[in-house]
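K.L.:
Could you have a look at this structure, given as structure tokens, before my questions?
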Amino acid sequence: MPTPAATDRRGEAHLWLLLEEALADARAAHASGTRGDVDEVLRRFDGVVNALSDVGAVARPLARHIADELEVALTVRGIVEGRSFLWRDPPALQPEDRPVRQRGDGWLEAMIEQQLDVVVDVTPATHIGERVIANLTPQVRALRAVGSLKSSRRLEDLAATLAAAGYAPPPAAGARGEVDKGWLSFLEARPRPLTGEDRPAAAKAITYELGHVDRGAVTLTELAWSTDLLRVELTAPTYVARKRWTASAFDDSGQLHLGQPALDGGGNTGALVFDLRPGLRDTVRTLSLRVTHEATRLDEQVSL
Amino acid sequence: MDDMKPPWWLGLAPASGLVDCNGTQHRLQWSAGRLRAADHEDVEAEEALAAFGGDAARCIALVDAWRRASGNVRLVTLGRRPSEGPIGLPSDRAPKTLLSRSDWRGPAGLSRAESAIRAGFEAAALFALPGPLVDRLVLTSMASCVERWSNEAFRCEHGLRLGAALSARAMPALRRFGAQLGRDVPVVTVSPSQPDASPAITARIEAADAPLVVNAELPVAWLVDVWGRGISEPDGRLVLGVREADEAGREFLVDVAEWEPAGPITWELAAVPARVVSDDDGRWRVRGT
């Protein structure tokens, strides 16, 4: 097992410094009597914990432990109340917990797409885009600090796209983001929310191995669709399927399709089902399918 | 110089608090770096009695818990930050029972899981003590960290945590020190210096329209010697470290920081000896450099 000194510990260093910032922010929010802002501080800290863990910049047990320490620091100040007093020793890390930093570009892309899927259900006039940018900024800052996101300007692109779709005010002069046509196509399509009643009208069974995640094969098994819905079914080894995934598709008409996992039973069956929206038009012949797990991204062109 | 360095607790006012000790209000007293159960005259006899099945006195259990917790690095993360009042849990969140010393030393001992649970109970009980005592407990832990800082394995394991904790405590004072150079609020980074290294602070203007950048390396001992005593900025002067003290802990010979030009856009630290004295109101004043 490598000694801690021999490993890249920028992720851990960032979290300790961020704990200090979060503590100061939470104290300020508490002093001004805005309980919601304290929750926001904790949510954003958790977001960074997940980001750095997902890209392997810090061992997940250690990252979670630092988040616990922030909560205890807030508890002994009466800033959060009614929670148990967590007093656990720092985790003894195993060799497999050693940080193995990966590129965070795929992770960020998936996070942005998840946010867009939420944004599109809200009226643009609420300017929810500002909140989305504020939520993602600490995570992008963290990934940049650990060298996982060197030159990406996707957050700036998101700000420009949200502004173009009316979900945020125009970015400040000098901001270098560019409108992403795919993201804009999704926001402008304003697909209606899917319900449990939505059923695909057509389907195509496929057996196609998309690639590997954690040494386990991920296989596309079926595509099914209607004009409102695009259902993507995958299988993965059960130990992989239990983890967090995202999926998106970009069709040959230039329309982006986003959505959330539709089934949460993957842990037992290895099945992963995503309901994306909007659905497909009859003219669509090919899809660029993207599946992301943590920092691993699998891309594949699929013919219908 | 280190031989003359005063003990870390010198200059810290005694602190005390009442606790419910098996139905009676008893006083816990902290002074000169130690916590004592002031209302228990024969601690050893009471512990022996508890070992034979008698009731363990809560005061004594708390003193024991304090001793076990005082080397815990996590306390440094939990402790007060600049301009913050006392911290702690409401007294009603203190666990009702604690293990006595004899329980800990029992022939079967405690499993790792039991030890962890007991440590949690003890930490909750200690954080439910009055704020000034919690503060002294955190300072005791900081002093323990300073003692172990020369150990490379310790630095490797806890250096990132302690660096962040040092940064949080020193940052406001360093920002004000940087602002003395007459530009807007500077960008400050703080890191702990290597064992036995002196403080080092530099300032640089990176670009005409960029803020001043201040890089500081401070000894971890700054946490207890300076910040813990509340002498980080007497009369607006940044104190870097303590050299000597009088026996009563009311006067310290310290180094204060001054800027020295090192080029057209850079400044370096000049450490200037000064005396810091507690006045009649308990405020620290600089008396001559």
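To be explicit about the labels: the chains of the structure tokens are called A, B, and onward in the order shown, and within each one the residues are counted from 1, while ligands get numbers from 1 in the order they are shown.
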Could you name the residues that touch His14 (chain A) at 8 Å or less, counting only C-alpha atoms, but leaving out those on the same chain fewer than 3 positions away, as a ChimeraX atom specification?
P.N.:
/A:10-11,17-18,142,145-146
K.L.:
Write a file of the just-selected residues containing N, CA and C atoms, as a compact mmCIF listing (two decimals), in the first residue's frame.
P.N.:
# COMPACT_ATOMS: atom_id res chain seq x y z
N ARG A 10 -4.50 16.29 -3.12
CA ARG A 10 -5.09 17.61 -3.36
C ARG A 10 -6.59 17.61 -3.05
N GLY A 11 -7.26 16.49 -3.30
CA GLY A 11 -8.69 16.42 -3.01
C GLY A 11 -8.97 16.56 -1.53
N LEU A 17 -9.97 22.66 3.49
CA LEU A 17 -10.09 24.12 3.36
C LEU A 17 -11.55 24.51 3.12
N LEU A 18 -12.25 23.69 2.35
CA LEU A 18 -13.65 23.99 2.08
C LEU A 18 -14.49 23.86 3.35
N ALA A 142 -13.69 22.85 -7.27
CA ALA A 142 -12.98 21.74 -6.64
C ALA A 142 -12.26 20.88 -7.67
N ALA A 145 -9.30 22.61 -8.87
CA ALA A 145 -8.24 22.68 -7.85
C ALA A 145 -7.43 21.39 -7.79
N VAL A 146 -8.06 20.27 -8.08
CA VAL A 146 -7.34 18.99 -8.01
C VAL A 146 -6.81 18.57 -9.37
K.L.:
Do you know which residues are at most 10 Å from Ile60 (chain B) counting only C-alpha atoms, after dropping those on the same chain fewer than 6 positions away, and could you put them as a VMD selection string?
P.N.:
chain B and resid 21 28 36 to 40 43 to 44 46 to 47 66 98 to 101
K.L.:
Would you kindly report the residues of chain B within 10 Å of chain A, using only C-alpha atoms, as a ChimeraX atom specification?
P.N.:
/B:72,74-75,77-81,84-90,93,116-124,127-128,153,155-157,159-165,167-169
K.L.:
Include C-alpha atoms and write out the residues we just selected as a short mmCIF file (atom, residue, chain, number, x, y, z; two decimals), in the first residue's frame.
P.N.:
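This went into selection_13.cif:
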data_model
loop_
_atom_site.label_atom_id
_atom_site.label_comp_id
_atom_site.auth_asym_id
_atom_site.auth_seq_id
_atom_site.Cartn_x
_atom_site.Cartn_y
_atom_site.Cartn_z
CA ASN B 72 -7.57 14.13 19.76
CA ARG B 74 -10.42 16.41 15.74
CA LEU B 75 -10.92 18.92 18.53
CA THR B 77 -11.33 21.29 13.77
CA LEU B 78 -14.24 21.76 16.15
CA GLY B 79 -12.83 24.60 18.25
CA ARG B 80 -13.62 28.29 18.06
CA ARG B 81 -12.65 30.47 15.10
CA GLU B 84 -16.57 33.53 17.65
CA GLY B 85 -18.10 33.19 21.10
CA PRO B 86 -18.15 30.07 23.25
CA ILE B 87 -19.20 26.82 21.60
CA GLY B 88 -20.67 23.63 23.01
CA LEU B 89 -23.70 21.42 23.29
CA PRO B 90 -26.67 22.23 25.53
CA ARG B 93 -27.47 16.67 25.60
CA ALA B 116 -15.78 4.17 19.67
CA ILE B 117 -19.25 4.43 21.20
CA ARG B 118 -17.81 5.36 24.58
CA ALA B 119 -15.57 7.96 22.95
CA GLY B 120 -18.68 9.48 21.38
CA PHE B 121 -20.45 9.64 24.75
CA GLU B 122 -17.40 11.21 26.31
CA ALA B 123 -17.02 13.77 23.56
CA ALA B 124 -20.69 14.75 23.93
CA PHE B 127 -18.77 19.47 24.74
CA ALA B 128 -21.68 19.96 27.13
CA ALA B 153 4.21 10.49 10.38
CA ARG B 155 2.47 15.64 9.93
CA CYS B 156 1.69 13.29 7.08
CA GLU B 157 -1.51 12.05 8.71
CA GLY B 159 -0.98 18.09 8.31
CA LEU B 160 -3.77 18.92 5.86
CA ARG B 161 -6.36 19.20 8.63
CA LEU B 162 -4.07 21.29 10.82
CA GLY B 163 -3.03 23.47 7.90
CA ALA B 164 -6.67 24.31 7.21
CA ALA B 165 -7.32 24.92 10.91
CA SER B 167 -5.36 29.04 8.02
CA ALA B 168 -8.86 29.68 9.40
CA ARG B 169 -7.48 31.17 12.61
#
K.L.:
What are the DSSP strand (DSSP E) residues of region 76-292 of chain A, as number ranges by chain?
P.N.:
A: 202-213, 216-225, 230-235, 245-251, 256-261, 271-277, 286-292
K.L.:
Just want the 12 Å neighbourhood of Ala134 (chain A), counted on only C-alpha atoms, with same-chain residues fewer than 6 positions away dropped. Output as a list in words.
P.N.:
Glu40, Val41, Arg43, Arg44, Gly47, Gln115, His127, Ile128, Val140, Arg141, Leu155, Glu156, Leu158, Ala159 and Ala168 of chain A
K.L.:
Taking only C-alpha atoms into account, name the residue in A:Asp121, A:Val58, A:Gln114, A:Arg199 that is nearest to Leu93 (chain A).
P.N.:
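When distances to Leu93 (chain A) are compared using only C-alpha atoms, the smallest one comes from A:Val58.
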K.L.:
Tell me which protein, DNA and RNA residues are within 10 Å of Glu188 (chain A), counting only C-alpha atoms, leaving out same-chain ones fewer than 4 positions away, and put them as number ranges by chain.
P.N.:
A: 120, 164-166, 182-184, 255
K.L.:
Would you give me, as a CSV table (one decimal) with N, CA and C atoms, in the first residue's frame, the residues in region 11-69 of chain B that DSSP reads as helix (DSSP H, G or I)?
P.N.:
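Output below, filename states.csv:
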chain,number,residue,atom,x,y,z
B,43,VAL,N,-9.2,11.3,45.0
B,43,VAL,CA,-9.6,10.7,43.7
B,43,VAL,C,-9.3,9.2,43.7
B,44,GLU,N,-8.1,8.9,44.1
B,44,GLU,CA,-7.6,7.5,44.0
B,44,GLU,C,-8.6,6.6,44.8
B,45,ALA,N,-9.0,7.0,46.0
B,45,ALA,CA,-9.8,6.2,46.9
B,45,ALA,C,-11.2,6.0,46.2
B,46,GLU,N,-11.7,7.1,45.6
B,46,GLU,CA,-13.0,7.0,45.0
B,46,GLU,C,-13.0,6.0,43.8
B,47,GLU,N,-11.8,6.1,43.1
B,47,GLU,CA,-11.7,5.2,41.9
B,47,GLU,C,-11.7,3.7,42.4
B,48,ALA,N,-10.9,3.5,43.5
B,48,ALA,CA,-10.9,2.1,44.0
B,48,ALA,C,-12.2,1.6,44.4
B,49,LEU,N,-13.0,2.5,45.1
B,49,LEU,CA,-14.4,2.2,45.5
B,49,LEU,C,-15.2,1.8,44.3
B,50,ALA,N,-15.1,2.6,43.2
B,50,ALA,CA,-15.9,2.4,42.0
B,50,ALA,C,-15.5,1.0,41.4
B,51,ALA,N,-14.2,0.7,41.5
B,51,ALA,CA,-13.7,-0.6,41.0
B,51,ALA,C,-14.4,-1.8,41.6
B,58,ARG,N,-19.2,11.3,38.7
B,58,ARG,CA,-19.2,11.9,37.3
B,58,ARG,C,-18.0,12.9,37.1
B,59,CYS,N,-17.7,13.6,38.1
B,59,CYS,CA,-16.6,14.6,38.0
B,59,CYS,C,-15.3,13.8,37.6
B,60,ILE,N,-15.1,12.7,38.3
B,60,ILE,CA,-13.8,12.0,38.1
B,60,ILE,C,-13.9,11.4,36.7
B,61,ALA,N,-15.0,10.9,36.3
B,61,ALA,CA,-15.2,10.3,34.9
B,61,ALA,C,-14.9,11.4,33.9
B,62,LEU,N,-15.4,12.6,34.1
B,62,LEU,CA,-15.2,13.7,33.2
B,62,LEU,C,-13.7,14.1,33.1
B,63,VAL,N,-13.0,14.1,34.2
B,63,VAL,CA,-11.6,14.4,34.2
B,63,VAL,C,-10.8,13.3,33.4
B,64,ASP,N,-11.2,12.1,33.6
B,64,ASP,CA,-10.6,11.0,32.8
B,64,ASP,C,-10.9,11.1,31.3
B,65,ALA,N,-12.2,11.5,31.0
B,65,ALA,CA,-12.5,11.6,29.6
B,65,ALA,C,-11.7,12.8,29.0
B,66,TRP,N,-11.5,13.8,29.7
B,66,TRP,CA,-10.8,15.0,29.3
B,66,TRP,C,-9.4,14.5,28.9
B,67,ARG,N,-8.8,13.7,29.8
B,67,ARG,CA,-7.4,13.3,29.6
B,67,ARG,C,-7.3,12.5,28.3
B,68,ARG,N,-8.3,11.6,28.1
B,68,ARG,CA,-8.3,10.7,26.9
B,68,ARG,C,-8.5,11.6,25.6
B,69,ALA,N,-9.3,12.6,25.7
B,69,ALA,CA,-9.7,13.4,24.5
B,69,ALA,C,-8.6,14.4,24.2
K.L.:
How many Å separate CA of Val179 (chain A) from CA of Thr161 (chain A)?
P.N.:
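Computed distance, CA of Val179 (chain A) to CA of Thr161 (chain A), equals 4.5 Å.
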K.L.:
My list of candidates is B:Pro192, B:Gly249, B:Gly236, B:Gly282. Which is closest to His158 (chain B) when distances are computed with only C-alpha atoms?
P.N.:
B:Pro192
K.L.:
Set the distance at 12 Å and use only C-alpha atoms: which residues neighbour region 207-212 of chain A once local chain neighbours fewer than 3 positions away are removed? I'd like the list as a PDB file with N, CA and C atoms, in the first residue's frame.
P.N.:
ATOM      1  N   LYS A 204     -37.078  -1.463 -30.051  1.00  0.00           N
ATOM      2  CA  LYS A 204     -36.100  -2.228 -30.804  1.00  0.00           C
ATOM      3  C   LYS A 204     -35.179  -2.925 -29.808  1.00  0.00           C
ATOM      4  N   ARG A 215     -14.636  -2.720 -14.463  1.00  0.00           N
ATOM      5  CA  ARG A 215     -14.331  -4.033 -15.040  1.00  0.00           C
ATOM      6  C   ARG A 215     -15.582  -4.847 -15.369  1.00  0.00           C
ATOM      7  N   GLY A 216     -16.772  -4.238 -15.211  1.00  0.00           N
ATOM      8  CA  GLY A 216     -18.003  -4.951 -15.547  1.00  0.00           C
ATOM      9  C   GLY A 216     -18.567  -4.437 -16.871  1.00  0.00           C
ATOM     10  N   ALA A 217     -19.032  -5.353 -17.731  1.00  0.00           N
ATOM     11  CA  ALA A 217     -19.567  -4.952 -19.036  1.00  0.00           C
ATOM     12  C   ALA A 217     -20.928  -4.289 -18.877  1.00  0.00           C
ATOM     13  N   VAL A 218     -21.149  -3.222 -19.639  1.00  0.00           N
ATOM     14  CA  VAL A 218     -22.437  -2.536 -19.673  1.00  0.00           C
ATOM     15  C   VAL A 218     -23.023  -2.758 -21.062  1.00  0.00           C
ATOM     16  N   THR A 219     -24.221  -3.320 -21.120  1.00  0.00           N
ATOM     17  CA  THR A 219     -24.807  -3.726 -22.397  1.00  0.00           C
ATOM     18  C   THR A 219     -26.145  -3.034 -22.625  1.00  0.00           C
ATOM     19  N   LEU A 220     -26.286  -2.456 -23.810  1.00  0.00           N
ATOM     20  CA  LEU A 220     -27.579  -1.894 -24.211  1.00  0.00           C
ATOM     21  C   LEU A 220     -28.474  -3.051 -24.645  1.00  0.00           C
ATOM     22  N   THR A 221     -29.674  -3.147 -24.082  1.00  0.00           N
ATOM     23  CA  THR A 221     -30.555  -4.284 -24.401  1.00  0.00           C
ATOM     24  C   THR A 221     -31.810  -3.868 -25.166  1.00  0.00           C
ATOM     25  N   GLU A 222     -32.260  -2.650 -24.990  1.00  0.00           N
ATOM     26  CA  GLU A 222     -33.467  -2.238 -25.720  1.00  0.00           C
ATOM     27  C   GLU A 222     -33.594  -0.728 -25.772  1.00  0.00           C
ATOM     28  N   LEU A 223     -34.102  -0.266 -26.905  1.00  0.00           N
ATOM     29  CA  LEU A 223     -34.535   1.123 -27.037  1.00  0.00           C
ATOM     30  C   LEU A 223     -36.024   1.096 -27.340  1.00  0.00           C
ATOM     31  N   GLU A 233     -32.746   0.865 -22.098  1.00  0.00           N
ATOM     32  CA  GLU A 233     -32.561  -0.222 -21.126  1.00  0.00           C
ATOM     33  C   GLU A 233     -31.170  -0.810 -21.274  1.00  0.00           C
ATOM     34  N   LEU A 234     -30.518  -0.978 -20.145  1.00  0.00           N
ATOM     35  CA  LEU A 234     -29.146  -1.488 -20.111  1.00  0.00           C
ATOM     36  C   LEU A 234     -29.067  -2.601 -19.075  1.00  0.00           C
ATOM     37  N   THR A 235     -28.036  -3.388 -19.191  1.00  0.00           N
ATOM     38  CA  THR A 235     -27.709  -4.293 -18.079  1.00  0.00           C
ATOM     39  C   THR A 235     -26.251  -4.076 -17.707  1.00  0.00           C
ATOM     40  N   ALA A 236     -25.997  -4.286 -16.432  1.00  0.00           N
ATOM     41  CA  ALA A 236     -24.629  -4.172 -15.911  1.00  0.00           C
ATOM     42  C   ALA A 236     -24.512  -5.186 -14.786  1.00  0.00           C
ATOM     43  N   PRO A 237     -23.296  -5.614 -14.469  1.00  0.00           N
ATOM     44  CA  PRO A 237     -23.161  -6.514 -13.314  1.00  0.00           C
ATOM     45  C   PRO A 237     -23.814  -5.877 -12.091  1.00  0.00           C
ATOM     46  N   VAL A 240     -22.106  -3.237 -10.069  1.00  0.00           N
ATOM     47  CA  VAL A 240     -21.954  -1.934 -10.713  1.00  0.00           C
ATOM     48  C   VAL A 240     -23.297  -1.215 -10.774  1.00  0.00           C
ATOM     49  N   ALA A 241     -24.343  -1.990 -11.017  1.00  0.00           N
ATOM     50  CA  ALA A 241     -25.658  -1.387 -11.240  1.00  0.00           C
ATOM     51  C   ALA A 241     -26.181  -0.669 -10.009  1.00  0.00           C
ATOM     52  N   SER A 288     -26.924   9.171 -30.847  1.00  0.00           N
ATOM     53  CA  SER A 288     -25.655   9.093 -30.126  1.00  0.00           C
ATOM     54  C   SER A 288     -26.018   8.930 -28.655  1.00  0.00           C
ATOM     55  N   LEU A 289     -25.734   7.756 -28.139  1.00  0.00           N
ATOM     56  CA  LEU A 289     -26.125   7.433 -26.771  1.00  0.00           C
ATOM     57  C   LEU A 289     -24.929   7.633 -25.843  1.00  0.00           C
ATOM     58  N   ARG A 290     -25.189   8.221 -24.692  1.00  0.00           N
ATOM     59  CA  ARG A 290     -24.109   8.440 -23.715  1.00  0.00           C
ATOM     60  C   ARG A 290     -24.569   7.959 -22.347  1.00  0.00           C
ATOM     61  N   VAL A 291     -23.769   7.109 -21.724  1.00  0.00           N
ATOM     62  CA  VAL A 291     -24.067   6.600 -20.382  1.00  0.00           C
ATOM     63  C   VAL A 291     -22.878   6.951 -19.496  1.00  0.00           C
ATOM     64  N   THR A 292     -23.143   7.513 -18.335  1.00  0.00           N
ATOM     65  CA  THR A 292     -22.062   7.951 -17.453  1.00  0.00           C
ATOM     66  C   THR A 292     -22.239   7.374 -16.059  1.00  0.00           C
ATOM     67  N   HIS A 293     -21.156   6.850 -15.548  1.00  0.00           N
ATOM     68  CA  HIS A 293     -21.121   6.407 -14.155  1.00  0.00           C
ATOM     69  C   HIS A 293     -19.900   7.059 -13.515  1.00  0.00           C
ATOM     70  N   THR A 296     -16.678   7.836 -15.466  1.00  0.00           N
ATOM     71  CA  THR A 296     -16.553   6.993 -16.663  1.00  0.00           C
ATOM     72  C   THR A 296     -17.709   7.258 -17.607  1.00  0.00           C
ATOM     73  N   ARG A 297     -17.374   7.534 -18.866  1.00  0.00           N
ATOM     74  CA  ARG A 297     -18.402   7.852 -19.851  1.00  0.00           C
ATOM     75  C   ARG A 297     -18.319   6.844 -20.998  1.00  0.00           C
ATOM     76  N   LEU A 298     -19.466   6.305 -21.356  1.00  0.00           N
ATOM     77  CA  LEU A 298     -19.523   5.372 -22.480  1.00  0.00           C
ATOM     78  C   LEU A 298     -20.355   6.027 -23.579  1.00  0.00           C
ATOM     79  N   ASP A 299     -19.789   6.153 -24.780  1.00  0.00           N
ATOM     80  CA  ASP A 299     -20.483   6.771 -25.911  1.00  0.00           C
ATOM     81  C   ASP A 299     -20.665   5.735 -27.007  1.00  0.00           C
ATOM     82  N   GLU A 300     -21.846   5.753 -27.646  1.00  0.00           N
ATOM     83  CA  GLU A 300     -22.061   4.807 -28.747  1.00  0.00           C
ATOM     84  C   GLU A 300     -23.096   5.363 -29.720  1.00  0.00           C
ATOM     85  N   GLN A 301     -22.863   5.134 -31.009  1.00  0.00           N
ATOM     86  CA  GLN A 301     -23.848   5.466 -32.051  1.00  0.00           C
ATOM     87  C   GLN A 301     -24.759   4.268 -32.244  1.00  0.00           C
ATOM     88  N   VAL A 302     -26.059   4.495 -32.248  1.00  0.00           N
ATOM     89  CA  VAL A 302     -27.016   3.399 -32.395  1.00  0.00           C
ATOM     90  C   VAL A 302     -27.955   3.712 -33.558  1.00  0.00           C
ATOM     91  N   SER A 303     -28.134   2.738 -34.469  1.00  0.00           N
ATOM     92  CA  SER A 303     -29.096   2.905 -35.573  1.00  0.00           C
ATOM     93  C   SER A 303     -30.443   2.343 -35.159  1.00  0.00           C
TER      94      SER A 303
END
K.L.:
Neighbours of Ser232 (chain B) within 12 Å (only C-alpha atoms; same-chain residues fewer than 2 positions away dropped), as a ChimeraX atom specification?
P.N.:
/B:82-83,169-174,176-177,222-230,234-242,254-257,276,283-286
K.L.:
Could you save the residues just selected, with N, CA and C atoms, as an mmCIF file, in the first residue's frame?
P.N.:
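Output below, filename out_1.cif:
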data_model
loop_
_atom_site.group_PDB
_atom_site.id
_atom_site.type_symbol
_atom_site.label_atom_id
_atom_site.label_comp_id
_atom_site.auth_asym_id
_atom_site.auth_seq_id
_atom_site.Cartn_x
_atom_site.Cartn_y
_atom_site.Cartn_z
ATOM 1 N N PRO B 82 -11.806 32.771 14.861
ATOM 2 C CA PRO B 82 -11.723 34.184 15.260
ATOM 3 C C PRO B 82 -13.098 34.843 15.333
ATOM 4 N N SER B 83 -13.251 35.691 16.288
ATOM 5 C CA SER B 83 -14.472 36.483 16.538
ATOM 6 C C SER B 83 -15.688 35.615 16.856
ATOM 7 N N ARG B 169 -7.714 30.291 11.464
ATOM 8 C CA ARG B 169 -7.476 31.175 12.613
ATOM 9 C C ARG B 169 -6.601 32.376 12.251
ATOM 10 N N ALA B 170 -5.641 32.179 11.341
ATOM 11 C CA ALA B 170 -4.682 33.256 11.060
ATOM 12 C C ALA B 170 -5.142 34.180 9.934
ATOM 13 N N MET B 171 -6.058 33.695 9.105
ATOM 14 C CA MET B 171 -6.431 34.443 7.899
ATOM 15 C C MET B 171 -6.908 35.873 8.171
ATOM 16 N N PRO B 172 -7.843 36.092 9.105
ATOM 17 C CA PRO B 172 -8.309 37.469 9.296
ATOM 18 C C PRO B 172 -7.179 38.428 9.681
ATOM 19 N N ALA B 173 -6.303 37.985 10.572
ATOM 20 C CA ALA B 173 -5.197 38.861 10.994
ATOM 21 C C ALA B 173 -4.238 39.110 9.836
ATOM 22 N N LEU B 174 -3.992 38.082 9.041
ATOM 23 C CA LEU B 174 -3.072 38.256 7.909
ATOM 24 C C LEU B 174 -3.671 39.162 6.836
ATOM 25 N N ARG B 176 -5.606 41.688 7.424
ATOM 26 C CA ARG B 176 -5.436 43.062 7.906
ATOM 27 C C ARG B 176 -3.970 43.484 7.805
ATOM 28 N N PHE B 177 -3.063 42.533 8.056
ATOM 29 C CA PHE B 177 -1.640 42.842 7.929
ATOM 30 C C PHE B 177 -1.306 43.177 6.470
ATOM 31 N N TRP B 222 1.802 28.647 16.545
ATOM 32 C CA TRP B 222 1.100 29.937 16.567
ATOM 33 C C TRP B 222 -0.322 29.757 17.120
ATOM 34 N N LEU B 223 -0.897 28.587 16.840
ATOM 35 C CA LEU B 223 -2.273 28.331 17.297
ATOM 36 C C LEU B 223 -2.411 28.459 18.813
ATOM 37 N N VAL B 224 -1.463 27.913 19.547
ATOM 38 C CA VAL B 224 -1.575 27.963 21.007
ATOM 39 C C VAL B 224 -0.828 29.155 21.591
ATOM 40 N N ASP B 225 0.391 29.396 21.102
ATOM 41 C CA ASP B 225 1.212 30.452 21.701
ATOM 42 C C ASP B 225 0.605 31.842 21.493
ATOM 43 N N VAL B 226 0.001 32.040 20.348
ATOM 44 C CA VAL B 226 -0.477 33.379 19.999
ATOM 45 C C VAL B 226 -2.016 33.423 19.987
ATOM 46 N N TRP B 227 -2.615 32.664 19.083
ATOM 47 C CA TRP B 227 -4.073 32.740 18.959
ATOM 48 C C TRP B 227 -4.773 32.278 20.231
ATOM 49 N N GLY B 228 -4.299 31.185 20.801
ATOM 50 C CA GLY B 228 -4.933 30.644 21.998
ATOM 51 C C GLY B 228 -4.904 31.622 23.153
ATOM 52 N N ARG B 229 -3.868 32.422 23.224
ATOM 53 C CA ARG B 229 -3.770 33.397 24.324
ATOM 54 C C ARG B 229 -4.515 34.682 24.015
ATOM 55 N N GLY B 230 -4.971 34.801 22.787
ATOM 56 C CA GLY B 230 -5.685 36.023 22.423
ATOM 57 C C GLY B 230 -4.763 37.198 22.190
ATOM 58 N N PRO B 234 -2.546 42.532 19.211
ATOM 59 C CA PRO B 234 -2.669 43.616 20.191
ATOM 60 C C PRO B 234 -2.341 44.955 19.524
ATOM 61 N N ASP B 235 -3.186 45.918 19.743
ATOM 62 C CA ASP B 235 -2.998 47.247 19.138
ATOM 63 C C ASP B 235 -2.806 47.156 17.626
ATOM 64 N N GLY B 236 -3.414 46.186 16.992
ATOM 65 C CA GLY B 236 -3.339 46.080 15.540
ATOM 66 C C GLY B 236 -2.023 45.546 15.007
ATOM 67 N N ARG B 237 -1.154 45.045 15.886
ATOM 68 C CA ARG B 237 0.140 44.499 15.425
ATOM 69 C C ARG B 237 0.031 42.982 15.353
ATOM 70 N N LEU B 238 0.432 42.410 14.224
ATOM 71 C CA LEU B 238 0.372 40.959 14.063
ATOM 72 C C LEU B 238 1.511 40.301 14.832
ATOM 73 N N VAL B 239 1.158 39.448 15.782
ATOM 74 C CA VAL B 239 2.167 38.730 16.569
ATOM 75 C C VAL B 239 2.499 37.409 15.875
ATOM 76 N N LEU B 240 3.791 37.154 15.729
ATOM 77 C CA LEU B 240 4.249 35.957 15.017
ATOM 78 C C LEU B 240 4.555 34.796 15.950
ATOM 79 N N GLY B 241 5.028 35.113 17.141
ATOM 80 C CA GLY B 241 5.383 34.049 18.066
ATOM 81 C C GLY B 241 5.824 34.622 19.396
ATOM 82 N N VAL B 242 5.910 33.747 20.386
ATOM 83 C CA VAL B 242 6.266 34.163 21.743
ATOM 84 C C VAL B 242 7.660 33.658 22.075
ATOM 85 N N VAL B 254 7.539 39.057 22.499
ATOM 86 C CA VAL B 254 7.051 38.428 21.265
ATOM 87 C C VAL B 254 7.799 39.014 20.061
ATOM 88 N N ASP B 255 7.535 38.428 18.909
ATOM 89 C CA ASP B 255 7.937 39.035 17.635
ATOM 90 C C ASP B 255 6.687 39.546 16.955
ATOM 91 N N VAL B 256 6.702 40.815 16.563
ATOM 92 C CA VAL B 256 5.582 41.327 15.776
ATOM 93 C C VAL B 256 6.036 41.501 14.327
ATOM 94 N N ALA B 257 5.075 41.473 13.422
ATOM 95 C CA ALA B 257 5.376 41.499 11.991
ATOM 96 C C ALA B 257 5.380 42.926 11.459
ATOM 97 N N VAL B 276 4.376 42.469 24.968
ATOM 98 C CA VAL B 276 2.913 42.533 25.004
ATOM 99 C C VAL B 276 2.489 42.362 26.461
ATOM 100 N N ARG B 283 -6.961 43.712 28.621
ATOM 101 C CA ARG B 283 -6.645 43.799 27.190
ATOM 102 C C ARG B 283 -5.136 43.769 26.993
ATOM 103 N N TRP B 284 -4.752 43.153 25.879
ATOM 104 C CA TRP B 284 -3.318 43.058 25.583
ATOM 105 C C TRP B 284 -2.865 44.296 24.817
ATOM 106 N N ARG B 285 -1.725 44.851 25.270
ATOM 107 C CA ARG B 285 -1.185 46.065 24.669
ATOM 108 C C ARG B 285 0.271 45.832 24.277
ATOM 109 N N VAL B 286 0.690 46.493 23.216
ATOM 110 C CA VAL B 286 2.109 46.438 22.827
ATOM 111 C C VAL B 286 2.822 47.573 23.551
#
K.L.:
In Å, rounded to a single decimal, give me how far CA of Val38 (chain A) is from CA of Pro138 (chain A).
P.N.:
15.4 Å
K.L.:
What is the distance, in Å and to one decimal place, between CA of Phe274 (chain A) and CA of Asp157 (chain A)?
P.N.:
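Between these atoms lies a distance of 25.5 Å.
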